[in-house]
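> So here's protein33.cif, just mmCIF, C-alpha atoms:
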```cif
data_model
loop_
_atom_site.label_atom_id
_atom_site.label_comp_id
_atom_site.auth_asym_id
_atom_site.auth_seq_id
_atom_site.Cartn_x
_atom_site.Cartn_y
_atom_site.Cartn_z
CA MET A 1 -25.74 -16.91 11.73
CA GLN A 2 -29.39 -16.92 10.73
CA LYS A 3 -30.30 -18.40 14.11
CA ILE A 4 -28.30 -15.71 15.91
CA ILE A 5 -29.99 -12.94 13.93
CA ARG A 6 -33.39 -14.48 14.64
CA ALA A 7 -32.58 -14.69 18.37
CA LEU A 8 -31.41 -11.09 18.46
CA GLY A 9 -34.55 -10.01 16.63
CA PHE A 10 -36.68 -11.87 19.14
CA LEU A 11 -34.92 -10.27 22.08
CA LEU A 12 -35.26 -6.80 20.59
CA THR A 13 -38.95 -7.32 19.87
CA ALA A 14 -39.57 -8.66 23.38
CA ALA A 15 -37.74 -5.70 24.90
CA LEU A 16 -39.80 -3.23 22.88
CA LEU A 17 -43.03 -4.96 23.79
CA TRP A 18 -42.05 -5.10 27.46
CA GLY A 19 -41.14 -1.43 27.50
CA GLY A 20 -44.43 -0.58 25.81
CA SER A 21 -46.41 -2.65 28.30
CA GLN A 22 -44.68 -0.96 31.20
CA GLN A 23 -45.67 2.44 29.86
CA ALA A 24 -49.19 1.29 29.03
CA PHE A 25 -49.69 0.05 32.56
CA ALA A 26 -48.23 3.11 34.32
CA GLN A 27 -49.69 3.28 37.81
CA LYS A 28 -52.11 6.17 38.22
CA VAL A 29 -53.41 7.71 41.45
CA LEU A 30 -56.38 10.02 42.03
CA LEU A 31 -56.34 12.01 45.29
CA LEU A 32 -59.77 13.30 46.34
CA THR A 33 -59.85 15.70 49.31
CA THR A 34 -62.20 17.99 51.16
CA THR A 35 -61.64 21.74 51.12
CA GLU A 36 -59.61 22.52 54.24
CA SER A 37 -58.33 25.78 55.72
CA ALA A 38 -56.57 24.55 58.87
CA ALA A 39 -52.81 24.32 58.49
CA ASP A 40 -52.53 20.73 59.72
CA ALA A 41 -55.25 19.46 57.37
CA MET A 42 -53.75 21.23 54.36
CA GLN A 43 -50.32 19.88 55.27
CA ALA A 44 -51.73 16.34 55.50
CA ASN A 45 -53.26 16.62 52.03
CA ASP A 46 -50.04 18.03 50.57
CA ASN A 47 -48.01 15.25 52.15
CA LEU A 48 -50.41 12.62 50.81
CA GLU A 49 -49.91 14.02 47.32
CA ALA A 50 -46.13 14.04 47.72
CA GLU A 51 -46.07 10.53 49.20
CA PHE A 52 -47.94 8.82 46.38
CA GLY A 53 -46.43 11.08 43.72
CA SER A 54 -42.96 10.00 44.78
CA VAL A 55 -43.87 6.41 43.89
CA VAL A 56 -45.91 6.74 40.70
CA GLY A 57 -44.47 10.05 39.49
CA ALA A 58 -46.10 13.46 39.74
CA ALA A 59 -47.40 13.19 36.18
CA ASN A 60 -49.40 10.07 37.15
CA LEU A 61 -51.11 11.66 40.16
CA THR A 62 -54.24 13.80 39.86
CA ARG A 63 -55.49 15.81 42.83
CA MET A 64 -59.04 17.15 43.09
CA THR A 65 -60.19 19.19 46.10
CA VAL A 66 -63.91 18.70 45.47
CA LEU A 67 -65.38 16.41 48.13
CA SER A 68 -66.89 19.30 50.11
CA ASN A 69 -68.84 20.43 47.03
CA ALA A 70 -72.26 19.00 46.19
CA ASN A 71 -71.92 16.74 43.15
CA GLY A 72 -68.18 17.30 43.18
CA ILE A 73 -67.54 13.83 41.77
CA SER A 74 -69.33 11.45 39.42
CA GLN A 75 -68.56 8.21 37.61
CA ALA A 76 -66.73 10.25 34.99
CA THR A 77 -64.29 11.41 37.67
CA PHE A 78 -62.97 7.86 37.87
CA THR A 79 -63.00 6.97 34.20
CA ALA A 80 -62.28 10.12 32.19
CA ALA A 81 -58.74 11.07 31.16
CA PRO A 82 -56.21 10.99 32.70
CA GLY A 83 -57.93 8.00 34.31
CA PRO A 84 -58.83 5.25 34.81
CA TYR A 85 -56.90 4.89 38.05
CA ASP A 86 -55.17 2.10 39.91
CA ILE A 87 -55.67 3.81 43.26
CA VAL A 88 -58.09 6.46 44.50
CA VAL A 89 -57.19 8.05 47.83
CA VAL A 90 -60.01 9.76 49.79
CA ALA A 91 -58.89 12.20 52.49
CA SER A 92 -60.86 14.44 54.85
CA THR A 93 -60.24 16.19 58.15
CA TYR A 94 -62.36 19.03 59.53
CA ASN A 95 -64.93 19.60 56.77
CA PRO A 96 -67.76 17.31 55.63
CA ILE A 97 -67.72 15.16 52.56
CA ASP A 98 -70.99 16.11 50.87
CA ASN A 99 -73.64 13.38 50.91
CA THR A 100 -73.85 13.41 47.10
CA ASN A 101 -70.18 12.44 47.00
CA TRP A 102 -70.61 9.66 49.55
CA ALA A 103 -73.20 8.13 47.20
CA VAL A 104 -70.71 8.24 44.32
CA LEU A 105 -67.94 6.74 46.47
CA GLN A 106 -70.26 3.90 47.42
CA SER A 107 -70.89 3.16 43.75
CA ALA A 108 -67.17 3.47 43.01
CA VAL A 109 -66.34 0.81 45.59
CA ALA A 110 -69.22 -1.49 44.67
CA ASN A 111 -68.53 -1.38 40.93
CA ARG A 112 -64.72 -1.14 40.99
CA TRP A 113 -64.41 2.19 39.22
CA ALA A 114 -60.81 2.03 40.42
CA ASN A 115 -58.81 -1.05 41.30
CA SER A 116 -58.25 0.14 44.87
CA ILE A 117 -59.87 2.86 47.01
CA VAL A 118 -58.04 4.02 50.12
CA PHE A 119 -59.80 6.02 52.84
CA PHE A 120 -58.01 8.32 55.30
CA VAL A 121 -61.08 9.90 56.89
CA ASP A 122 -60.43 11.61 60.20
CA GLY A 123 -62.83 11.02 63.09
CA CYS A 124 -61.68 14.01 65.10
CA CYS A 125 -64.88 16.03 64.87
CA GLU A 126 -67.93 13.98 64.05
CA ALA A 127 -70.24 16.71 65.39
CA THR A 128 -68.85 19.35 63.04
CA ASN A 129 -67.54 17.49 59.98
CA GLY A 130 -70.83 15.87 59.02
CA ALA A 131 -70.04 12.56 60.75
CA ASN A 132 -67.52 11.62 58.06
CA ALA A 133 -66.23 8.59 59.96
CA GLN A 134 -69.67 7.06 60.45
CA LYS A 135 -70.58 7.75 56.84
CA MET A 136 -67.39 6.07 55.70
CA VAL A 137 -68.30 2.94 57.65
CA ASN A 138 -71.85 3.06 56.26
CA THR A 139 -70.46 3.45 52.73
CA LEU A 140 -68.11 0.48 53.09
CA ASN A 141 -70.85 -1.72 54.52
CA ALA A 142 -73.27 -0.91 51.71
CA ALA A 143 -70.67 -1.18 48.95
CA THR A 144 -68.78 -4.29 50.02
CA GLY A 145 -71.38 -6.27 51.95
CA SER A 146 -69.61 -5.80 55.29
CA THR A 147 -70.98 -5.17 58.80
CA PHE A 148 -68.35 -2.89 60.32
CA LEU A 149 -69.10 -0.67 63.30
CA LEU A 150 -67.48 2.57 64.41
CA GLY A 151 -65.51 1.95 67.59
CA SER A 152 -63.98 4.02 70.38
CA SER A 153 -61.97 7.19 69.88
CA GLY A 154 -58.84 8.53 71.53
CA GLY A 155 -55.09 8.16 71.53
CA ASN A 156 -52.29 10.45 70.46
CA ASP A 157 -48.95 9.74 68.78
CA ALA A 158 -49.49 5.98 68.85
CA GLN A 159 -47.96 3.03 67.01
CA PHE A 160 -50.32 0.51 65.44
CA PRO A 161 -48.81 -2.94 64.76
CA LEU A 162 -49.25 -4.79 61.49
CA ASN A 163 -51.28 -7.95 62.04
CA THR A 164 -48.79 -10.44 60.64
CA ASN A 165 -51.39 -13.22 60.96
CA SER A 166 -53.46 -11.55 58.25
CA PRO A 167 -52.98 -13.16 54.82
CA TYR A 168 -52.81 -9.60 53.38
CA ALA A 169 -49.94 -8.40 55.55
CA ALA A 170 -47.06 -9.19 53.17
CA SER A 171 -47.59 -6.04 51.08
CA PHE A 172 -47.22 -3.88 54.20
CA THR A 173 -44.13 -5.25 55.91
CA GLY A 174 -42.30 -2.00 55.12
CA LEU A 175 -44.96 -0.06 57.02
CA ASN A 176 -44.80 -1.63 60.45
CA PRO A 177 -45.86 -0.08 62.71
CA PHE A 178 -48.21 2.51 61.24
CA TYR A 179 -47.90 5.76 63.20
CA GLY A 180 -51.10 7.71 63.91
CA GLY A 181 -52.62 10.21 66.27
CA ALA A 182 -56.13 11.04 67.49
CA ILE A 183 -57.95 8.05 66.03
CA THR A 184 -61.23 6.17 65.95
CA TYR A 185 -61.16 2.39 65.85
CA ILE A 186 -63.33 0.13 63.70
CA ASN A 187 -65.14 -2.85 65.23
CA ASN A 188 -66.59 -6.12 63.94
CA VAL A 189 -63.80 -6.64 61.42
CA PRO A 190 -63.05 -10.25 60.40
CA ALA A 191 -59.65 -11.19 61.80
CA SER A 192 -58.03 -11.69 58.39
CA ASN A 193 -59.17 -8.20 57.32
CA ALA A 194 -57.86 -6.56 60.49
CA LEU A 195 -54.60 -5.30 58.98
CA TYR A 196 -53.49 -2.88 61.73
CA LEU A 197 -54.43 -3.53 65.33
CA ALA A 198 -54.91 -1.40 68.42
CA ALA A 199 -51.87 0.40 69.77
CA GLY A 200 -49.94 -1.75 72.20
CA THR A 201 -51.30 -5.11 70.97
CA PRO A 202 -48.50 -7.67 71.46
CA PRO A 203 -47.84 -10.31 68.77
CA ALA A 204 -49.05 -13.00 71.13
CA SER A 205 -52.48 -11.36 71.07
CA PHE A 206 -52.77 -11.01 67.28
CA PRO A 207 -56.00 -12.75 66.19
CA PRO A 208 -55.55 -15.93 64.14
CA ALA A 209 -56.47 -15.60 60.47
CA GLY A 210 -60.13 -16.22 59.83
CA THR A 211 -63.54 -14.61 60.09
CA THR A 212 -63.74 -14.12 63.86
CA PRO A 213 -64.95 -10.53 64.50
CA THR A 214 -62.18 -8.30 65.83
CA ASN A 215 -62.66 -4.96 67.59
CA SER A 216 -60.45 -1.89 67.99
CA VAL A 217 -58.97 -2.23 64.50
CA TYR A 218 -56.91 0.74 63.30
CA GLY A 219 -56.72 -0.20 59.62
CA LEU A 220 -58.73 -2.75 57.63
CA LEU A 221 -58.28 -4.20 54.16
CA ILE A 222 -60.90 -5.83 51.95
CA PRO A 223 -59.35 -7.63 48.95
CA THR A 224 -61.14 -7.60 45.61
CA ILE A 225 -62.44 -11.14 45.97
CA GLN A 226 -64.35 -10.18 49.15
CA SER A 227 -65.66 -6.83 47.89
CA ASN A 228 -69.27 -6.90 46.69
CA ALA A 229 -69.16 -10.56 45.69
CA SER A 230 -65.88 -10.02 43.79
CA ASN A 231 -67.34 -7.14 41.77
CA GLY A 232 -66.03 -4.35 44.00
CA ALA A 233 -62.79 -2.49 44.53
CA CYS A 234 -60.07 -3.44 46.95
CA VAL A 235 -60.47 -1.19 50.01
CA PHE A 236 -58.21 0.06 52.77
CA ALA A 237 -59.70 2.26 55.50
CA VAL A 238 -58.33 4.17 58.49
CA VAL A 239 -60.27 6.69 60.58
CA ASP A 240 -57.28 9.02 60.90
CA ILE A 241 -55.42 11.67 58.90
CA THR A 242 -52.59 12.31 61.36
CA PRO A 243 -50.25 9.77 59.70
CA PHE A 244 -49.55 12.56 57.21
CA TYR A 245 -48.48 15.45 59.41
CA ASP A 246 -46.56 15.92 62.64
CA PRO A 247 -48.80 17.28 65.41
CA PRO A 248 -46.96 19.23 68.15
CA ALA A 249 -44.34 17.10 69.87
CA THR A 250 -45.09 14.07 67.68
CA LEU A 251 -43.43 12.47 64.66
CA THR A 252 -46.21 10.54 62.95
CA TRP A 253 -45.48 11.82 59.44
CA THR A 254 -41.75 11.74 59.98
CA ASN A 255 -41.97 8.05 60.86
CA ASN A 256 -44.40 7.12 58.05
CA ARG A 257 -42.83 9.16 55.28
CA GLY A 258 -41.55 7.13 52.35
CA LYS A 259 -43.29 3.97 53.57
CA VAL A 260 -47.00 4.54 52.96
CA GLY A 261 -46.92 5.11 49.21
CA PRO A 262 -44.79 2.06 48.36
CA ALA A 263 -46.92 -0.20 50.56
CA PHE A 264 -50.24 0.80 49.03
CA VAL A 265 -49.04 0.89 45.44
CA ASN A 266 -47.56 -2.58 45.95
CA ALA A 267 -50.80 -3.86 47.48
CA ALA A 268 -52.93 -2.47 44.66
CA THR A 269 -50.82 -3.15 41.59
CA SER A 270 -48.13 -5.78 42.12
CA GLU A 271 -48.54 -9.33 40.88
CA ASN A 272 -48.78 -10.72 44.39
CA GLY A 273 -50.32 -7.66 46.07
CA ALA A 274 -52.82 -7.86 48.90
CA CYS A 275 -55.68 -6.67 46.69
CA GLY A 276 -55.56 -9.89 44.72
CA LEU A 277 -56.58 -8.49 41.33
CA PRO A 278 -56.87 -10.92 38.41
CA LYS A 279 -53.50 -11.34 36.72
CA VAL A 280 -52.78 -11.13 32.99
CA THR A 281 -49.91 -13.21 31.62
CA LYS A 282 -48.08 -12.84 28.32
CA SER A 283 -45.95 -15.22 26.30
CA PHE A 284 -43.87 -14.85 23.16
CA ASP A 285 -43.64 -17.37 20.33
CA LYS A 286 -40.13 -17.37 18.87
CA ALA A 287 -41.62 -18.22 15.46
CA ASP A 288 -43.54 -14.90 15.31
#
```
Please render this file's structure as structure tokens.


Amino acid sequence: MQKIIRALGFLLTAALLWGGSQQAFAQKVLLLTTTESAADAMQANDNLEAEFGSVVGAANLTRMTVLSNANGISQATFTAAPGPYDIVVVASTYNPIDNTNWAVLQSAVANRWANSIVFFVDGCCEATNGANAQKMVNTLNAATGSTFLLGSSGGNDAQFPLNTNSPYAASFTGLNPFYGGAITYINNVPASNALYLAAGTPPASFPPAGTTPTNSVYGLLIPTIQSNASNGACVFAVVDITPFYDPPATLTWTNNRGKVGPAFVNAATSENGACGLPKVTKSFDKAD
């Protein structure tokens, strides 16, 4: 009987500790956006909030529309309550991200102020939105030690295949293909980091895993171990915001809805996620 009571006590204690750890490690998302007035851009930002909120819970998502403002963000944005955050999502469409905020984002990536930073920065209007797409590429290069280049623009209502040869693809199998719209590709991406490829790329043409530079990449991923000599954040970047609304006669958001949030939360926080964060293990001694 004493052994049974001890076993039951152990199980109860383990359950309480497990429940407490689950709550302690609740996944938190910070959504940073530019100030937008166009209906499609506002809809995209609202849908981004709803998409990630549906996975982590609305109470664990914080939205700040401050990127258009000078000094809109600082290190405290990433660390102060209700942070720190597992994922920071950066979204912009028609209006510039202020240069002061690009500098902070660069530091955030380089110093891992969040476990994962995801960029959905539209390249629709480089001449009028402060060249957000080029500045995003510059920021990633400086923060992670990469040499990406901004590629060609174009396309509408396209499907971008998941590069299943990439060692980071497993977290994104539920998001294949990724639907997008008027996009700008990224060039000079190592093949393993080229997560989503150009529209129409057949599986036979997927680049083998490795460091061979790949052009016309729709979405790239840099795991933690490759980001700023393992000191930086895991990064995903797409030069497109149209995955989060349905332009006329297209169904990009309709096709992506319910798939984006789970994929990115899994990549950033799961034990075997693509970001490859260090893992913490726990054990219980039955004698305690």

> Work out how far CA of Pro223 in chain A is from CA of Val235 in chain A, in Å to one decimal.

6.6 Å

> List the residues selected by the PyMOL selection byres ((chain A and resi 149) around 10) in the file shown, writing them as number ranges by chain.

A: 134, 137-138, 141, 146-148, 150-152, 185-189, 215-216

> Just checking: using only C-alpha atoms, which residue out of A:Leu48, A:Leu175, A:Val239, A:Met42 ends up closest to Lys135 in chain A?

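So, comparing all the options, the nearest one is A:Val239.
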
> Can you translate the PyMOL selection byres ((chain A and resi 172) around 10) into the concrete residues it hits in this file, as an NGL selection string?

:A and (162-164 or 168-171 or 173-178 or 195-196 or 259-260 or 262-264 or 266-267 or 273-274)

> Name the closest residue to Ala142 in chain A among the candidates A:Val56, A:Ala237, A:Ala103, A:Val88; distances are taken between atoms, counting all atoms listed in the file.

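Checking each of A:Val56, A:Ala237, A:Ala103, A:Val88 against Ala142 in chain A, counting all atoms listed in the file, the winner is A:Ala103.
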
> So how far away is CA of Gly181 in chain A from CA of Thr201 in chain A, in Å?

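Separating CA of Thr201 in chain A from CA of Gly181 in chain A is a distance of 16.1 Å.
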
> Please determine, counting only C-alpha atoms, which residue among A:Asp246, A:Asp40, A:Asp86, A:Glu271 has the shortest atom-to-atom distance to Leu61 in chain A.

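Among A:Asp246, A:Asp40, A:Asp86, A:Glu271, it is A:Asp86 that comes nearest to Leu61 in chain A.
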
> Tell me which of A:Asn47, A:Ser92, A:Thr33, A:Ser227 sits closest to Ile73 in chain A, counting all atoms listed in the file.

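Going through A:Asn47, A:Ser92, A:Thr33, A:Ser227 one by one, the smallest distance to Ile73 in chain A is for A:Thr33.
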
> Excluding Ala91 in chain A and any residue of its chain fewer than 5 positions from it, enumerate the residues within 12 Å of it, using only C-alpha atoms, and give them as number ranges by chain.

A: 30-36, 41-49, 63-68, 96-97, 117-123, 132-133, 136, 237-244

> Measuring atom to atom with all atoms listed in the file, identify which of A:Gly200, A:Gly219, A:Pro167, A:Gly180 is nearest to Gly276 in chain A.

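Using all atoms listed in the file, the shortest distance to Gly276 in chain A belongs to A:Pro167.
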
> Write range 101-121 of chain A as a PDB file, in the coordinates of the input, completed to N, CA, C and O atoms.


```
ATOM      1  N   ASN A 101     -71.465  13.071  47.318  1.00  0.00           N
ATOM      2  CA  ASN A 101     -70.180  12.440  47.000  1.00  0.00           C
ATOM      3  C   ASN A 101     -70.025  11.098  47.714  1.00  0.00           C
ATOM      4  O   ASN A 101     -69.377  10.185  47.182  1.00  0.00           O
ATOM      5  N   TRP A 102     -70.618  10.968  48.891  1.00  0.00           N
ATOM      6  CA  TRP A 102     -70.610   9.660  49.550  1.00  0.00           C
ATOM      7  C   TRP A 102     -71.344   8.636  48.678  1.00  0.00           C
ATOM      8  O   TRP A 102     -70.919   7.476  48.554  1.00  0.00           O
ATOM      9  N   ALA A 103     -72.448   9.048  48.061  1.00  0.00           N
ATOM     10  CA  ALA A 103     -73.200   8.130  47.200  1.00  0.00           C
ATOM     11  C   ALA A 103     -72.350   7.675  46.017  1.00  0.00           C
ATOM     12  O   ALA A 103     -72.375   6.494  45.629  1.00  0.00           O
ATOM     13  N   VAL A 104     -71.579   8.598  45.446  1.00  0.00           N
ATOM     14  CA  VAL A 104     -70.710   8.240  44.320  1.00  0.00           C
ATOM     15  C   VAL A 104     -69.593   7.311  44.793  1.00  0.00           C
ATOM     16  O   VAL A 104     -69.245   6.333  44.101  1.00  0.00           O
ATOM     17  N   LEU A 105     -69.003   7.601  45.950  1.00  0.00           N
ATOM     18  CA  LEU A 105     -67.940   6.740  46.470  1.00  0.00           C
ATOM     19  C   LEU A 105     -68.452   5.329  46.735  1.00  0.00           C
ATOM     20  O   LEU A 105     -67.735   4.350  46.506  1.00  0.00           O
ATOM     21  N   GLN A 106     -69.689   5.229  47.206  1.00  0.00           N
ATOM     22  CA  GLN A 106     -70.260   3.900  47.420  1.00  0.00           C
ATOM     23  C   GLN A 106     -70.358   3.135  46.098  1.00  0.00           C
ATOM     24  O   GLN A 106     -69.984   1.954  46.023  1.00  0.00           O
ATOM     25  N   SER A 107     -70.815   3.807  45.055  1.00  0.00           N
ATOM     26  CA  SER A 107     -70.890   3.160  43.750  1.00  0.00           C
ATOM     27  C   SER A 107     -69.503   2.818  43.211  1.00  0.00           C
ATOM     28  O   SER A 107     -69.308   1.775  42.573  1.00  0.00           O
ATOM     29  N   ALA A 108     -68.536   3.706  43.482  1.00  0.00           N
ATOM     30  CA  ALA A 108     -67.170   3.470  43.010  1.00  0.00           C
ATOM     31  C   ALA A 108     -66.586   2.210  43.627  1.00  0.00           C
ATOM     32  O   ALA A 108     -65.914   1.420  42.948  1.00  0.00           O
ATOM     33  N   VAL A 109     -66.830   2.018  44.919  1.00  0.00           N
ATOM     34  CA  VAL A 109     -66.340   0.810  45.590  1.00  0.00           C
ATOM     35  C   VAL A 109     -67.086  -0.414  45.083  1.00  0.00           C
ATOM     36  O   VAL A 109     -66.479  -1.430  44.726  1.00  0.00           O
ATOM     37  N   ALA A 110     -68.401  -0.329  45.024  1.00  0.00           N
ATOM     38  CA  ALA A 110     -69.220  -1.490  44.670  1.00  0.00           C
ATOM     39  C   ALA A 110     -68.964  -1.967  43.246  1.00  0.00           C
ATOM     40  O   ALA A 110     -69.034  -3.173  42.960  1.00  0.00           O
ATOM     41  N   ASN A 111     -68.657  -1.035  42.352  1.00  0.00           N
ATOM     42  CA  ASN A 111     -68.530  -1.380  40.930  1.00  0.00           C
ATOM     43  C   ASN A 111     -67.093  -1.329  40.422  1.00  0.00           C
ATOM     44  O   ASN A 111     -66.866  -1.437  39.221  1.00  0.00           O
ATOM     45  N   ARG A 112     -66.135  -1.155  41.311  1.00  0.00           N
ATOM     46  CA  ARG A 112     -64.720  -1.140  40.990  1.00  0.00           C
ATOM     47  C   ARG A 112     -64.401  -0.127  39.888  1.00  0.00           C
ATOM     48  O   ARG A 112     -63.821  -0.465  38.851  1.00  0.00           O
ATOM     49  N   TRP A 113     -64.770   1.127  40.156  1.00  0.00           N
ATOM     50  CA  TRP A 113     -64.410   2.190  39.220  1.00  0.00           C
ATOM     51  C   TRP A 113     -62.931   2.515  39.308  1.00  0.00           C
ATOM     52  O   TRP A 113     -62.406   3.229  38.459  1.00  0.00           O
ATOM     53  N   ALA A 114     -62.273   2.016  40.315  1.00  0.00           N
ATOM     54  CA  ALA A 114     -60.810   2.030  40.420  1.00  0.00           C
ATOM     55  C   ALA A 114     -60.422   0.702  41.040  1.00  0.00           C
ATOM     56  O   ALA A 114     -61.204   0.085  41.778  1.00  0.00           O
ATOM     57  N   ASN A 115     -59.229   0.238  40.756  1.00  0.00           N
ATOM     58  CA  ASN A 115     -58.810  -1.050  41.300  1.00  0.00           C
ATOM     59  C   ASN A 115     -58.807  -1.052  42.823  1.00  0.00           C
ATOM     60  O   ASN A 115     -59.193  -2.033  43.454  1.00  0.00           O
ATOM     61  N   SER A 116     -58.366   0.055  43.421  1.00  0.00           N
ATOM     62  CA  SER A 116     -58.250   0.140  44.870  1.00  0.00           C
ATOM     63  C   SER A 116     -58.681   1.519  45.332  1.00  0.00           C
ATOM     64  O   SER A 116     -58.348   2.524  44.697  1.00  0.00           O
ATOM     65  N   ILE A 117     -59.438   1.584  46.428  1.00  0.00           N
ATOM     66  CA  ILE A 117     -59.870   2.860  47.010  1.00  0.00           C
ATOM     67  C   ILE A 117     -59.433   2.879  48.465  1.00  0.00           C
ATOM     68  O   ILE A 117     -59.760   1.980  49.236  1.00  0.00           O
ATOM     69  N   VAL A 118     -58.676   3.909  48.807  1.00  0.00           N
ATOM     70  CA  VAL A 118     -58.040   4.020  50.120  1.00  0.00           C
ATOM     71  C   VAL A 118     -58.657   5.214  50.861  1.00  0.00           C
ATOM     72  O   VAL A 118     -58.680   6.327  50.337  1.00  0.00           O
ATOM     73  N   PHE A 119     -59.147   4.979  52.070  1.00  0.00           N
ATOM     74  CA  PHE A 119     -59.800   6.020  52.840  1.00  0.00           C
ATOM     75  C   PHE A 119     -58.933   6.431  54.041  1.00  0.00           C
ATOM     76  O   PHE A 119     -58.597   5.597  54.884  1.00  0.00           O
ATOM     77  N   PHE A 120     -58.595   7.712  54.108  1.00  0.00           N
ATOM     78  CA  PHE A 120     -58.010   8.320  55.300  1.00  0.00           C
ATOM     79  C   PHE A 120     -58.979   9.416  55.745  1.00  0.00           C
ATOM     80  O   PHE A 120     -58.838  10.589  55.385  1.00  0.00           O
ATOM     81  N   VAL A 121     -59.988   9.010  56.487  1.00  0.00           N
ATOM     82  CA  VAL A 121     -61.080   9.900  56.890  1.00  0.00           C
ATOM     83  C   VAL A 121     -60.984  10.121  58.392  1.00  0.00           C
ATOM     84  O   VAL A 121     -61.173   9.192  59.177  1.00  0.00           O
TER      85      VAL A 121
END
```
